[in-house]
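Peer 1: Quick one, data.tsv (TSV, N, CA and C atoms):
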chain	number	residue	atom	x	y	z
A	1	MET	N	-47.61	233.89	-150.44
A	1	MET	CA	-47.53	232.55	-151.00
A	1	MET	C	-48.96	232.00	-151.15
A	2	LEU	N	-49.22	231.34	-152.27
A	2	LEU	CA	-50.53	230.74	-152.51
A	2	LEU	C	-50.44	229.23	-152.38
A	3	VAL	N	-51.44	228.62	-151.79
A	3	VAL	CA	-51.48	227.17	-151.65
A	3	VAL	C	-52.79	226.67	-152.23
A	4	PRO	N	-52.80	225.46	-152.81
A	4	PRO	CA	-54.05	224.95	-153.39
A	4	PRO	C	-55.05	224.57	-152.31
A	5	HIS	N	-56.30	224.73	-152.68
A	5	HIS	CA	-57.40	224.31	-151.82
A	5	HIS	C	-57.48	222.79	-151.88
A	6	SER	N	-58.34	222.20	-151.08
A	6	SER	CA	-58.54	220.76	-151.05
A	6	SER	C	-58.75	220.19	-152.46
A	7	ALA	N	-58.29	218.99	-152.66
A	7	ALA	CA	-58.39	218.35	-153.98
A	7	ALA	C	-59.84	218.06	-154.37
A	8	VAL	N	-60.74	217.97	-153.40
A	8	VAL	CA	-62.13	217.65	-153.73
A	8	VAL	C	-62.98	218.89	-153.97
A	9	ALA	N	-62.42	220.07	-153.74
A	9	ALA	CA	-63.17	221.31	-153.95
A	9	ALA	C	-62.79	221.92	-155.29
A	10	PRO	N	-63.57	222.86	-155.77
A	10	PRO	CA	-63.20	223.53	-157.02
A	10	PRO	C	-61.83	224.19	-156.88
A	11	PRO	N	-61.09	224.30	-157.96
A	11	PRO	CA	-59.76	224.91	-157.87
A	11	PRO	C	-59.86	226.32	-157.32
A	12	PHE	N	-59.07	226.58	-156.31
A	12	PHE	CA	-59.06	227.88	-155.67
A	12	PHE	C	-57.73	228.01	-154.95
A	13	LEU	N	-57.01	229.08	-155.20
A	13	LEU	CA	-55.73	229.27	-154.53
A	13	LEU	C	-55.92	230.19	-153.33
A	14	TYR	N	-55.47	229.72	-152.19
A	14	TYR	CA	-55.54	230.49	-150.96
A	14	TYR	C	-54.23	231.22	-150.71
A	15	PRO	N	-54.29	232.42	-150.17
A	15	PRO	CA	-53.08	232.93	-149.54
A	15	PRO	C	-52.77	231.99	-148.38
A	16	SER	N	-51.52	231.79	-148.06
A	16	SER	CA	-51.16	230.79	-147.04
A	16	SER	C	-51.82	231.08	-145.69
A	17	TRP	N	-51.98	232.36	-145.31
A	17	TRP	CA	-52.62	232.66	-144.03
A	17	TRP	C	-54.08	232.21	-144.03
A	18	LEU	N	-54.75	232.30	-145.19
A	18	LEU	CA	-56.15	231.89	-145.28
A	18	LEU	C	-56.28	230.37	-145.19
A	19	ALA	N	-55.35	229.66	-145.81
A	19	ALA	CA	-55.35	228.20	-145.72
A	19	ALA	C	-55.17	227.75	-144.27
A	20	THR	N	-54.29	228.44	-143.56
A	20	THR	CA	-54.05	228.13	-142.15
A	20	THR	C	-55.30	228.40	-141.32
A	21	GLU	N	-55.96	229.52	-141.58
A	21	GLU	CA	-57.19	229.86	-140.86
A	21	GLU	C	-58.30	228.84	-141.15
A	22	ARG	N	-58.39	228.39	-142.38
A	22	ARG	CA	-59.40	227.40	-142.76
A	22	ARG	C	-59.21	226.11	-141.96
A	23	LEU	N	-57.97	225.66	-141.84
A	23	LEU	CA	-57.69	224.45	-141.05
A	23	LEU	C	-58.05	224.66	-139.59
A	24	ARG	N	-57.75	225.86	-139.08
A	24	ARG	CA	-58.08	226.17	-137.69
A	24	ARG	C	-59.60	226.17	-137.47
A	25	VAL	N	-60.33	226.75	-138.40
A	25	VAL	CA	-61.80	226.77	-138.30
A	25	VAL	C	-62.35	225.34	-138.37
A	26	ASN	N	-61.81	224.51	-139.26
A	26	ASN	CA	-62.27	223.12	-139.34
A	26	ASN	C	-62.00	222.38	-138.03
A	27	ASP	N	-60.88	222.65	-137.38
A	27	ASP	CA	-60.60	222.02	-136.08
A	27	ASP	C	-61.64	222.44	-135.04
A	28	VAL	N	-62.00	223.72	-135.04
A	28	VAL	CA	-63.01	224.23	-134.12
A	28	VAL	C	-64.35	223.54	-134.40
A	29	ILE	N	-64.72	223.46	-135.67
A	29	ILE	CA	-65.99	222.84	-136.05
A	29	ILE	C	-66.02	221.38	-135.61
A	30	ARG	N	-64.95	220.65	-135.89
A	30	ARG	CA	-64.88	219.24	-135.50
A	30	ARG	C	-65.04	219.09	-133.99
A	31	GLU	N	-64.31	219.90	-133.25
A	31	GLU	CA	-64.35	219.80	-131.78
A	31	GLU	C	-65.74	220.10	-131.23
A	32	ARG	N	-66.39	221.16	-131.73
A	32	ARG	CA	-67.69	221.55	-131.21
A	32	ARG	C	-68.79	220.57	-131.63
A	33	ILE	N	-68.72	220.07	-132.85
A	33	ILE	CA	-69.72	219.10	-133.30
A	33	ILE	C	-69.61	217.83	-132.46
A	34	ARG	N	-68.41	217.38	-132.20
A	34	ARG	CA	-68.23	216.17	-131.38
A	34	ARG	C	-68.65	216.40	-129.94
A	35	HIS	N	-68.59	217.66	-129.50
A	35	HIS	CA	-69.05	218.00	-128.15
A	35	HIS	C	-70.57	217.78	-128.04
A	36	TYR	N	-71.30	218.09	-129.11
A	36	TYR	CA	-72.76	218.03	-129.07
A	36	TYR	C	-73.36	216.74	-129.62
A	37	LEU	N	-72.65	216.06	-130.52
A	37	LEU	CA	-73.20	214.84	-131.14
A	37	LEU	C	-72.42	213.62	-130.68
A	38	SER	N	-73.14	212.55	-130.38
A	38	SER	CA	-72.46	211.32	-129.99
A	38	SER	C	-72.70	210.18	-130.99
A	39	ASP	N	-73.75	210.30	-131.79
A	39	ASP	CA	-74.06	209.25	-132.75
A	39	ASP	C	-73.05	209.27	-133.89
A	40	PRO	N	-72.28	208.18	-134.09
A	40	PRO	CA	-71.23	208.18	-135.12
A	40	PRO	C	-71.78	208.38	-136.54
A	41	PHE	N	-72.93	207.81	-136.83
A	41	PHE	CA	-73.52	207.94	-138.17
A	41	PHE	C	-73.85	209.41	-138.45
A	42	LEU	N	-74.56	210.03	-137.52
A	42	LEU	CA	-74.94	211.42	-137.67
A	42	LEU	C	-73.71	212.33	-137.69
A	43	LEU	N	-72.77	212.07	-136.81
A	43	LEU	CA	-71.54	212.85	-136.74
A	43	LEU	C	-70.80	212.81	-138.07
A	44	ASP	N	-70.70	211.64	-138.66
A	44	ASP	CA	-70.00	211.49	-139.95
A	44	ASP	C	-70.68	212.31	-141.04
A	45	HIS	N	-72.00	212.27	-141.09
A	45	HIS	CA	-72.72	212.99	-142.15
A	45	HIS	C	-72.70	214.50	-141.93
A	46	VAL	N	-72.75	214.93	-140.69
A	46	VAL	CA	-72.65	216.37	-140.42
A	46	VAL	C	-71.26	216.86	-140.85
A	47	GLU	N	-70.22	216.12	-140.50
A	47	GLU	CA	-68.87	216.52	-140.90
A	47	GLU	C	-68.71	216.54	-142.41
A	48	GLN	N	-69.30	215.58	-143.11
A	48	GLN	CA	-69.22	215.56	-144.58
A	48	GLN	C	-69.88	216.78	-145.20
A	49	CYS	N	-70.93	217.28	-144.56
A	49	CYS	CA	-71.64	218.45	-145.10
A	49	CYS	C	-70.96	219.76	-144.72
A	50	VAL	N	-70.32	219.80	-143.57
A	50	VAL	CA	-69.83	221.07	-143.04
A	50	VAL	C	-68.34	221.30	-143.30
A	51	LEU	N	-67.51	220.27	-143.28
A	51	LEU	CA	-66.06	220.49	-143.34
A	51	LEU	C	-65.53	220.92	-144.70
A	52	PRO	N	-66.05	220.43	-145.83
A	52	PRO	CA	-65.53	220.95	-147.10
A	52	PRO	C	-65.90	222.43	-147.27
A	53	GLY	N	-65.20	223.10	-148.11
A	53	GLY	CA	-65.53	224.51	-148.37
A	53	GLY	C	-64.45	225.44	-147.88
A	54	ARG	N	-64.61	226.70	-148.20
A	54	ARG	CA	-63.56	227.69	-147.93
A	54	ARG	C	-63.62	228.29	-146.54
A	55	LYS	N	-64.76	228.28	-145.89
A	55	LYS	CA	-64.94	228.83	-144.54
A	55	LYS	C	-64.74	230.34	-144.47
A	56	ILE	N	-65.04	231.03	-145.56
A	56	ILE	CA	-64.84	232.47	-145.61
A	56	ILE	C	-65.65	233.19	-144.53
A	57	ARG	N	-66.89	232.79	-144.31
A	57	ARG	CA	-67.75	233.46	-143.32
A	57	ARG	C	-67.14	233.39	-141.92
A	58	SER	N	-66.70	232.21	-141.54
A	58	SER	CA	-66.12	232.03	-140.20
A	58	SER	C	-64.78	232.75	-140.06
A	59	ILE	N	-63.99	232.71	-141.10
A	59	ILE	CA	-62.70	233.39	-141.05
A	59	ILE	C	-62.90	234.90	-140.94
A	60	LEU	N	-63.86	235.44	-141.68
A	60	LEU	CA	-64.15	236.88	-141.57
A	60	LEU	C	-64.63	237.23	-140.17
A	61	LEU	N	-65.47	236.37	-139.58
A	61	LEU	CA	-65.93	236.62	-138.22
A	61	LEU	C	-64.76	236.66	-137.25
A	62	LEU	N	-63.88	235.66	-137.32
A	62	LEU	CA	-62.75	235.60	-136.40
A	62	LEU	C	-61.80	236.78	-136.60
A	63	LYS	N	-61.57	237.15	-137.84
A	63	LYS	CA	-60.70	238.30	-138.13
A	63	LYS	C	-61.33	239.59	-137.60
A	64	THR	N	-62.64	239.73	-137.78
A	64	THR	CA	-63.33	240.91	-137.28
A	64	THR	C	-63.25	240.98	-135.76
A	65	LEU	N	-63.50	239.86	-135.10
A	65	LEU	CA	-63.45	239.82	-133.64
A	65	LEU	C	-62.04	240.12	-133.12
A	66	SER	N	-61.03	239.73	-133.88
A	66	SER	CA	-59.65	240.00	-133.43
A	66	SER	C	-59.35	241.50	-133.43
A	67	HIS	N	-60.12	242.28	-134.18
A	67	HIS	CA	-59.92	243.73	-134.21
A	67	HIS	C	-60.82	244.46	-133.21
A	68	VAL	N	-61.74	243.74	-132.58
A	68	VAL	CA	-62.62	244.35	-131.60
A	68	VAL	C	-61.83	244.70	-130.34
A	69	GLY	N	-60.93	243.85	-129.99
A	69	GLY	CA	-60.10	244.10	-128.82
A	69	GLY	C	-59.77	242.82	-128.10
A	70	PRO	N	-58.90	242.94	-127.10
A	70	PRO	CA	-58.46	241.74	-126.38
A	70	PRO	C	-59.55	241.09	-125.54
A	71	SER	N	-60.67	241.79	-125.34
A	71	SER	CA	-61.75	241.20	-124.53
A	71	SER	C	-62.47	240.07	-125.25
A	72	VAL	N	-62.30	239.97	-126.57
A	72	VAL	CA	-62.94	238.91	-127.34
A	72	VAL	C	-61.89	237.86	-127.66
A	73	ASP	N	-61.96	236.76	-126.95
A	73	ASP	CA	-60.99	235.68	-127.12
A	73	ASP	C	-61.59	234.60	-128.02
A	74	PRO	N	-60.95	234.32	-129.19
A	74	PRO	CA	-61.51	233.32	-130.10
A	74	PRO	C	-61.57	231.91	-129.51
A	75	SER	N	-60.88	231.67	-128.40
A	75	SER	CA	-60.94	230.34	-127.80
A	75	SER	C	-62.13	230.18	-126.85
A	76	LEU	N	-62.88	231.25	-126.60
A	76	LEU	CA	-64.06	231.15	-125.75
A	76	LEU	C	-65.10	230.24	-126.40
A	77	PRO	N	-65.74	229.38	-125.62
A	77	PRO	CA	-66.75	228.49	-126.20
A	77	PRO	C	-67.85	229.22	-126.95
A	78	VAL	N	-68.26	230.39	-126.48
A	78	VAL	CA	-69.33	231.12	-127.16
A	78	VAL	C	-68.89	231.56	-128.56
A	79	VAL	N	-67.64	231.96	-128.71
A	79	VAL	CA	-67.12	232.34	-130.02
A	79	VAL	C	-67.00	231.11	-130.91
A	80	ARG	N	-66.52	230.02	-130.35
A	80	ARG	CA	-66.38	228.78	-131.11
A	80	ARG	C	-67.76	228.27	-131.56
A	81	ASP	N	-68.76	228.36	-130.68
A	81	ASP	CA	-70.12	227.94	-131.05
A	81	ASP	C	-70.69	228.84	-132.13
A	82	LEU	N	-70.37	230.13	-132.10
A	82	LEU	CA	-70.84	231.05	-133.13
A	82	LEU	C	-70.26	230.67	-134.49
A	83	VAL	N	-68.97	230.32	-134.52
A	83	VAL	CA	-68.33	229.88	-135.76
A	83	VAL	C	-69.04	228.65	-136.31
A	84	VAL	N	-69.31	227.69	-135.44
A	84	VAL	CA	-69.98	226.46	-135.87
A	84	VAL	C	-71.40	226.76	-136.35
A	85	SER	N	-72.11	227.63	-135.66
A	85	SER	CA	-73.48	227.92	-136.08
A	85	SER	C	-73.52	228.58	-137.45
A	86	ILE	N	-72.55	229.44	-137.74
A	86	ILE	CA	-72.48	230.06	-139.07
A	86	ILE	C	-72.30	228.98	-140.13
A	87	GLU	N	-71.38	228.05	-139.91
A	87	GLU	CA	-71.11	227.01	-140.90
A	87	GLU	C	-72.25	226.01	-141.01
A	88	LEU	N	-72.90	225.67	-139.90
A	88	LEU	CA	-74.04	224.75	-139.95
A	88	LEU	C	-75.20	225.36	-140.73
A	89	ASN	N	-75.47	226.63	-140.49
A	89	ASN	CA	-76.55	227.29	-141.23
A	89	ASN	C	-76.22	227.41	-142.71
A	90	HIS	N	-74.97	227.68	-143.02
A	90	HIS	CA	-74.58	227.74	-144.43
A	90	HIS	C	-74.73	226.37	-145.08
A	91	ALA	N	-74.28	225.32	-144.39
A	91	ALA	CA	-74.40	223.96	-144.93
A	91	ALA	C	-75.87	223.60	-145.15
A	92	ALA	N	-76.73	224.01	-144.22
A	92	ALA	CA	-78.17	223.74	-144.36
A	92	ALA	C	-78.73	224.42	-145.60
A	93	SER	N	-78.33	225.66	-145.83
A	93	SER	CA	-78.84	226.37	-147.01
A	93	SER	C	-78.32	225.74	-148.30
A	94	VAL	N	-77.10	225.22	-148.26
A	94	VAL	CA	-76.52	224.56	-149.43
A	94	VAL	C	-77.27	223.27	-149.74
A	95	LEU	N	-77.64	222.51	-148.70
A	95	LEU	CA	-78.40	221.27	-148.91
A	95	LEU	C	-79.72	221.56	-149.62
A	96	VAL	N	-80.44	222.55	-149.14
A	96	VAL	CA	-81.72	222.89	-149.76
A	96	VAL	C	-81.49	223.44	-151.17
A	97	ASP	N	-80.46	224.25	-151.34
A	97	ASP	CA	-80.13	224.80	-152.66
A	97	ASP	C	-79.84	223.68	-153.67
A	98	ASP	N	-79.09	222.66	-153.23
A	98	ASP	CA	-78.80	221.53	-154.12
A	98	ASP	C	-80.08	220.82	-154.55
A	99	VAL	N	-81.04	220.69	-153.63
A	99	VAL	CA	-82.31	220.05	-153.97
A	99	VAL	C	-83.06	220.92	-154.98
A	100	LEU	N	-83.17	222.20	-154.71
A	100	LEU	CA	-83.92	223.09	-155.59
A	100	LEU	C	-83.30	223.19	-156.98
A	101	ASP	N	-81.95	223.20	-157.03
A	101	ASP	CA	-81.26	223.32	-158.32
A	101	ASP	C	-81.06	221.99	-159.01
A	102	GLY	N	-81.32	220.88	-158.32
A	102	GLY	CA	-81.10	219.55	-158.89
A	102	GLY	C	-79.63	219.21	-159.05
A	103	ASP	N	-78.77	219.82	-158.21
A	103	ASP	CA	-77.33	219.54	-158.30
A	103	ASP	C	-77.05	218.11	-157.83
A	104	HIS	N	-76.13	217.47	-158.53
A	104	HIS	CA	-75.78	216.09	-158.20
A	104	HIS	C	-74.48	215.97	-157.43
A	105	PHE	N	-73.66	217.01	-157.45
A	105	PHE	CA	-72.36	216.94	-156.78
A	105	PHE	C	-72.12	218.20	-155.96
A	106	ARG	N	-71.40	218.02	-154.87
A	106	ARG	CA	-70.99	219.12	-154.01
A	106	ARG	C	-69.56	218.84	-153.58
A	107	HIS	N	-68.64	219.72	-153.91
A	107	HIS	CA	-67.22	219.56	-153.60
A	107	HIS	C	-66.67	218.22	-154.09
A	108	GLY	N	-67.08	217.82	-155.27
A	108	GLY	CA	-66.54	216.61	-155.87
A	108	GLY	C	-67.17	215.31	-155.41
A	109	SER	N	-68.10	215.37	-154.47
A	109	SER	CA	-68.79	214.17	-153.98
A	109	SER	C	-70.27	214.26	-154.33
A	110	ALA	N	-70.91	213.11	-154.29
A	110	ALA	CA	-72.35	213.09	-154.57
A	110	ALA	C	-73.08	213.97	-153.55
A	111	ALA	N	-73.98	214.80	-154.04
A	111	ALA	CA	-74.78	215.66	-153.16
A	111	ALA	C	-75.66	214.79	-152.27
A	112	THR	N	-75.96	215.30	-151.09
A	112	THR	CA	-76.77	214.55	-150.12
A	112	THR	C	-78.09	214.10	-150.73
A	113	GLN	N	-78.73	214.97	-151.48
A	113	GLN	CA	-80.02	214.60	-152.07
A	113	GLN	C	-79.89	213.51	-153.11
A	114	ARG	N	-78.73	213.38	-153.71
A	114	ARG	CA	-78.51	212.31	-154.69
A	114	ARG	C	-78.34	210.96	-153.98
A	115	VAL	N	-77.72	211.00	-152.81
A	115	VAL	CA	-77.48	209.76	-152.05
A	115	VAL	C	-78.72	209.34	-151.27
A	116	TRP	N	-79.36	210.28	-150.56
A	116	TRP	CA	-80.43	209.95	-149.64
A	116	TRP	C	-81.81	210.37	-150.13
A	117	GLY	N	-81.88	211.14	-151.22
A	117	GLY	CA	-83.17	211.63	-151.71
A	117	GLY	C	-83.45	213.05	-151.23
A	118	SER	N	-84.33	213.71	-151.94
A	118	SER	CA	-84.64	215.12	-151.65
A	118	SER	C	-85.26	215.32	-150.28
A	119	ASN	N	-86.20	214.47	-149.90
A	119	ASN	CA	-86.86	214.64	-148.60
A	119	ASN	C	-85.87	214.55	-147.45
A	120	THR	N	-85.00	213.55	-147.50
A	120	THR	CA	-84.01	213.39	-146.44
A	120	THR	C	-83.03	214.55	-146.42
A	121	ALA	N	-82.62	215.02	-147.59
A	121	ALA	CA	-81.70	216.16	-147.65
A	121	ALA	C	-82.32	217.40	-147.01
A	122	ILE	N	-83.59	217.64	-147.29
A	122	ILE	CA	-84.26	218.80	-146.70
A	122	ILE	C	-84.39	218.63	-145.19
A	123	LEU	N	-84.75	217.44	-144.74
A	123	LEU	CA	-84.84	217.20	-143.30
A	123	LEU	C	-83.48	217.35	-142.62
A	124	PHE	N	-82.43	216.89	-143.29
A	124	PHE	CA	-81.08	217.03	-142.74
A	124	PHE	C	-80.70	218.50	-142.68
A	125	GLY	N	-81.10	219.27	-143.69
A	125	GLY	CA	-80.87	220.71	-143.67
A	125	GLY	C	-81.55	221.37	-142.48
A	126	HIS	N	-82.77	220.93	-142.17
A	126	HIS	CA	-83.48	221.46	-140.99
A	126	HIS	C	-82.74	221.08	-139.71
A	127	LEU	N	-82.20	219.88	-139.65
A	127	LEU	CA	-81.44	219.45	-138.49
A	127	LEU	C	-80.22	220.34	-138.29
A	128	LEU	N	-79.54	220.69	-139.38
A	128	LEU	CA	-78.33	221.50	-139.28
A	128	LEU	C	-78.61	222.94	-138.87
A	129	SER	N	-79.78	223.45	-139.27
A	129	SER	CA	-80.05	224.87	-138.99
A	129	SER	C	-80.72	225.12	-137.67
With the file now loaded, output its structure as structure tokens.
Peer 2:
Amino acid sequence: MLVPHSAVAPPFLYPSWLATERLRVNDVIRERIRHYLSDPFLLDHVEQCVLPGRKIRSILLLKTLSHVGPSVDPSLPVVRDLVVSIELNHAASVLVDDVLDGDHFRHGSAATQRVWGSNTAILFGHLLS
């Protein structure tokens, strides 16, 4: 069964298992980011940069780890932090890419550099990575 991706992202049909995994990864990201960040303003902007998207990298990591064996538990904090670090680094590279390419939109919303300027977007990318 195929399900539509988020309304704010480019049209993309997910197999239902992938859509479920994406939601699970977003829950992990939300939980870990809130564990490390307390500033509501910063937390909101980090979530806006990291939560949209397909999460293919993190899903592939979790699927790969599930085949390593029962000794690798995806609920371990180290595994959850690894998932978040992959997505934070990807979001950082996307921020810089948007500045270099002059993109004005990301997942249907104004790109960070369009809202805050190129310098701030690059500094925010450094913060994420």
Peer 1: Expressed in Å to a single decimal, how great is the separation between CA of Tyr36 (chain A) and CA of Trp17 (chain A)?
Peer 2: 29.0 Å
Peer 1: Please, what distance in Å, to one decimal, runs between atom N of Leu42 (chain A) and CA of Leu128 (chain A)?
Peer 2: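 These atoms are spaced 12.2 Å apart.
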Peer 1: For CA of Asn89 (chain A) and CA of Ser129 (chain A), quote the distance in Å rounded to one decimal.
Peer 2: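 Calculated distance between CA of Asn89 (chain A) and CA of Ser129 (chain A) is 4.8 Å.
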Peer 1: Within chain A, find each residue whose DSSP state, derived from the backbone, is strand (DSSP E or B), and express the selection as a list in words.
Peer 2: Leu2, Val3, Pro4, Leu13, Tyr14, Pro15, Phe105, Arg106, Ser109 and Ala110 of chain A
Peer 1: From a backbone DSSP assignment, name each residue in region 3-107 of chain A labelled helix (DSSP H, G or I), as a PyMOL selection string.
Peer 2: chain A and resi 16-36+40-50+56-68+77-101
Peer 1: Find the residues near His126 (chain A): any atom within 10 Å, counting only C-alpha atoms, skip ones fewer than 3 places away on the same chain, and give them as a ChimeraX atom specification.
Peer 2: /A:89,92-93,95-96,120-123,129
Peer 1: May I have the residues from that selection written out with N, CA and C atoms, as a PDB file, keeping the file's coordinate frame?
Peer 2:
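Contents of result_37.pdb, as written:
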ATOM      1  N   ASN A  89     -75.470 226.630-140.490  1.00  0.00           N
ATOM      2  CA  ASN A  89     -76.550 227.290-141.230  1.00  0.00           C
ATOM      3  C   ASN A  89     -76.220 227.410-142.710  1.00  0.00           C
ATOM      4  N   ALA A  92     -76.730 224.010-144.220  1.00  0.00           N
ATOM      5  CA  ALA A  92     -78.170 223.740-144.360  1.00  0.00           C
ATOM      6  C   ALA A  92     -78.730 224.420-145.600  1.00  0.00           C
ATOM      7  N   SER A  93     -78.330 225.660-145.830  1.00  0.00           N
ATOM      8  CA  SER A  93     -78.840 226.370-147.010  1.00  0.00           C
ATOM      9  C   SER A  93     -78.320 225.740-148.300  1.00  0.00           C
ATOM     10  N   LEU A  95     -77.640 222.510-148.700  1.00  0.00           N
ATOM     11  CA  LEU A  95     -78.400 221.270-148.910  1.00  0.00           C
ATOM     12  C   LEU A  95     -79.720 221.560-149.620  1.00  0.00           C
ATOM     13  N   VAL A  96     -80.440 222.550-149.140  1.00  0.00           N
ATOM     14  CA  VAL A  96     -81.720 222.890-149.760  1.00  0.00           C
ATOM     15  C   VAL A  96     -81.490 223.440-151.170  1.00  0.00           C
ATOM     16  N   THR A 120     -85.000 213.550-147.500  1.00  0.00           N
ATOM     17  CA  THR A 120     -84.010 213.390-146.440  1.00  0.00           C
ATOM     18  C   THR A 120     -83.030 214.550-146.420  1.00  0.00           C
ATOM     19  N   ALA A 121     -82.620 215.020-147.590  1.00  0.00           N
ATOM     20  CA  ALA A 121     -81.700 216.160-147.650  1.00  0.00           C
ATOM     21  C   ALA A 121     -82.320 217.400-147.010  1.00  0.00           C
ATOM     22  N   ILE A 122     -83.590 217.640-147.290  1.00  0.00           N
ATOM     23  CA  ILE A 122     -84.260 218.800-146.700  1.00  0.00           C
ATOM     24  C   ILE A 122     -84.390 218.630-145.190  1.00  0.00           C
ATOM     25  N   LEU A 123     -84.750 217.440-144.740  1.00  0.00           N
ATOM     26  CA  LEU A 123     -84.840 217.200-143.300  1.00  0.00           C
ATOM     27  C   LEU A 123     -83.480 217.350-142.620  1.00  0.00           C
ATOM     28  N   SER A 129     -79.780 223.450-139.270  1.00  0.00           N
ATOM     29  CA  SER A 129     -80.050 224.870-138.990  1.00  0.00           C
ATOM     30  C   SER A 129     -80.720 225.120-137.670  1.00  0.00           C
TER      31      SER A 129
END
Peer 1: Pick out the residues sitting within 12 Å of region 61-64 of chain A, and hand them over as a tab-separated table (two decimals) with N, CA and C atoms, in the coordinates of the input; count only C-alpha atoms, and ignore anything fewer than 5 positions along from it in its own chain.
Peer 2:
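Output below, filename selection.tsv:
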chain	number	residue	atom	x	y	z
A	17	TRP	N	-51.98	232.36	-145.31
A	17	TRP	CA	-52.62	232.66	-144.03
A	17	TRP	C	-54.08	232.21	-144.03
A	18	LEU	N	-54.75	232.30	-145.19
A	18	LEU	CA	-56.15	231.89	-145.28
A	18	LEU	C	-56.28	230.37	-145.19
A	21	GLU	N	-55.96	229.52	-141.58
A	21	GLU	CA	-57.19	229.86	-140.86
A	21	GLU	C	-58.30	228.84	-141.15
A	22	ARG	N	-58.39	228.39	-142.38
A	22	ARG	CA	-59.40	227.40	-142.76
A	22	ARG	C	-59.21	226.11	-141.96
A	24	ARG	N	-57.75	225.86	-139.08
A	24	ARG	CA	-58.08	226.17	-137.69
A	24	ARG	C	-59.60	226.17	-137.47
A	25	VAL	N	-60.33	226.75	-138.40
A	25	VAL	CA	-61.80	226.77	-138.30
A	25	VAL	C	-62.35	225.34	-138.37
A	28	VAL	N	-62.00	223.72	-135.04
A	28	VAL	CA	-63.01	224.23	-134.12
A	28	VAL	C	-64.35	223.54	-134.40
A	55	LYS	N	-64.76	228.28	-145.89
A	55	LYS	CA	-64.94	228.83	-144.54
A	55	LYS	C	-64.74	230.34	-144.47
A	56	ILE	N	-65.04	231.03	-145.56
A	56	ILE	CA	-64.84	232.47	-145.61
A	56	ILE	C	-65.65	233.19	-144.53
A	69	GLY	N	-60.93	243.85	-129.99
A	69	GLY	CA	-60.10	244.10	-128.82
A	69	GLY	C	-59.77	242.82	-128.10
A	70	PRO	N	-58.90	242.94	-127.10
A	70	PRO	CA	-58.46	241.74	-126.38
A	70	PRO	C	-59.55	241.09	-125.54
A	72	VAL	N	-62.30	239.97	-126.57
A	72	VAL	CA	-62.94	238.91	-127.34
A	72	VAL	C	-61.89	237.86	-127.66
A	73	ASP	N	-61.96	236.76	-126.95
A	73	ASP	CA	-60.99	235.68	-127.12
A	73	ASP	C	-61.59	234.60	-128.02
A	74	PRO	N	-60.95	234.32	-129.19
A	74	PRO	CA	-61.51	233.32	-130.10
A	74	PRO	C	-61.57	231.91	-129.51
A	75	SER	N	-60.88	231.67	-128.40
A	75	SER	CA	-60.94	230.34	-127.80
A	75	SER	C	-62.13	230.18	-126.85
A	76	LEU	N	-62.88	231.25	-126.60
A	76	LEU	CA	-64.06	231.15	-125.75
A	76	LEU	C	-65.10	230.24	-126.40
A	79	VAL	N	-67.64	231.96	-128.71
A	79	VAL	CA	-67.12	232.34	-130.02
A	79	VAL	C	-67.00	231.11	-130.91
A	80	ARG	N	-66.52	230.02	-130.35
A	80	ARG	CA	-66.38	228.78	-131.11
A	80	ARG	C	-67.76	228.27	-131.56
A	81	ASP	N	-68.76	228.36	-130.68
A	81	ASP	CA	-70.12	227.94	-131.05
A	81	ASP	C	-70.69	228.84	-132.13
A	82	LEU	N	-70.37	230.13	-132.10
A	82	LEU	CA	-70.84	231.05	-133.13
A	82	LEU	C	-70.26	230.67	-134.49
A	83	VAL	N	-68.97	230.32	-134.52
A	83	VAL	CA	-68.33	229.88	-135.76
A	83	VAL	C	-69.04	228.65	-136.31
A	84	VAL	N	-69.31	227.69	-135.44
A	84	VAL	CA	-69.98	226.46	-135.87
A	84	VAL	C	-71.40	226.76	-136.35
A	85	SER	N	-72.11	227.63	-135.66
A	85	SER	CA	-73.48	227.92	-136.08
A	85	SER	C	-73.52	228.58	-137.45
A	86	ILE	N	-72.55	229.44	-137.74
A	86	ILE	CA	-72.48	230.06	-139.07
A	86	ILE	C	-72.30	228.98	-140.13
A	87	GLU	N	-71.38	228.05	-139.91
A	87	GLU	CA	-71.11	227.01	-140.90
A	87	GLU	C	-72.25	226.01	-141.01
Peer 1: Skipping near chain neighbours, those fewer than 2 positions away, what residues fall within 12 Å of Asp97 (chain A) using only C-alpha atoms, listed as a list of chain:residue names?
Peer 2: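 Listed by chain and then number, they are A:His90, A:Ala91, A:Ala92, A:Ser93, A:Val94, A:Leu95, A:Val99, A:Leu100, A:Asp101, A:Gly102, A:Asp103, A:His104, A:Phe105, A:Arg106, A:Ala111, A:Thr112, A:Gln113, A:Ser118, A:Ala121, A:Ile122, A:Gly125.
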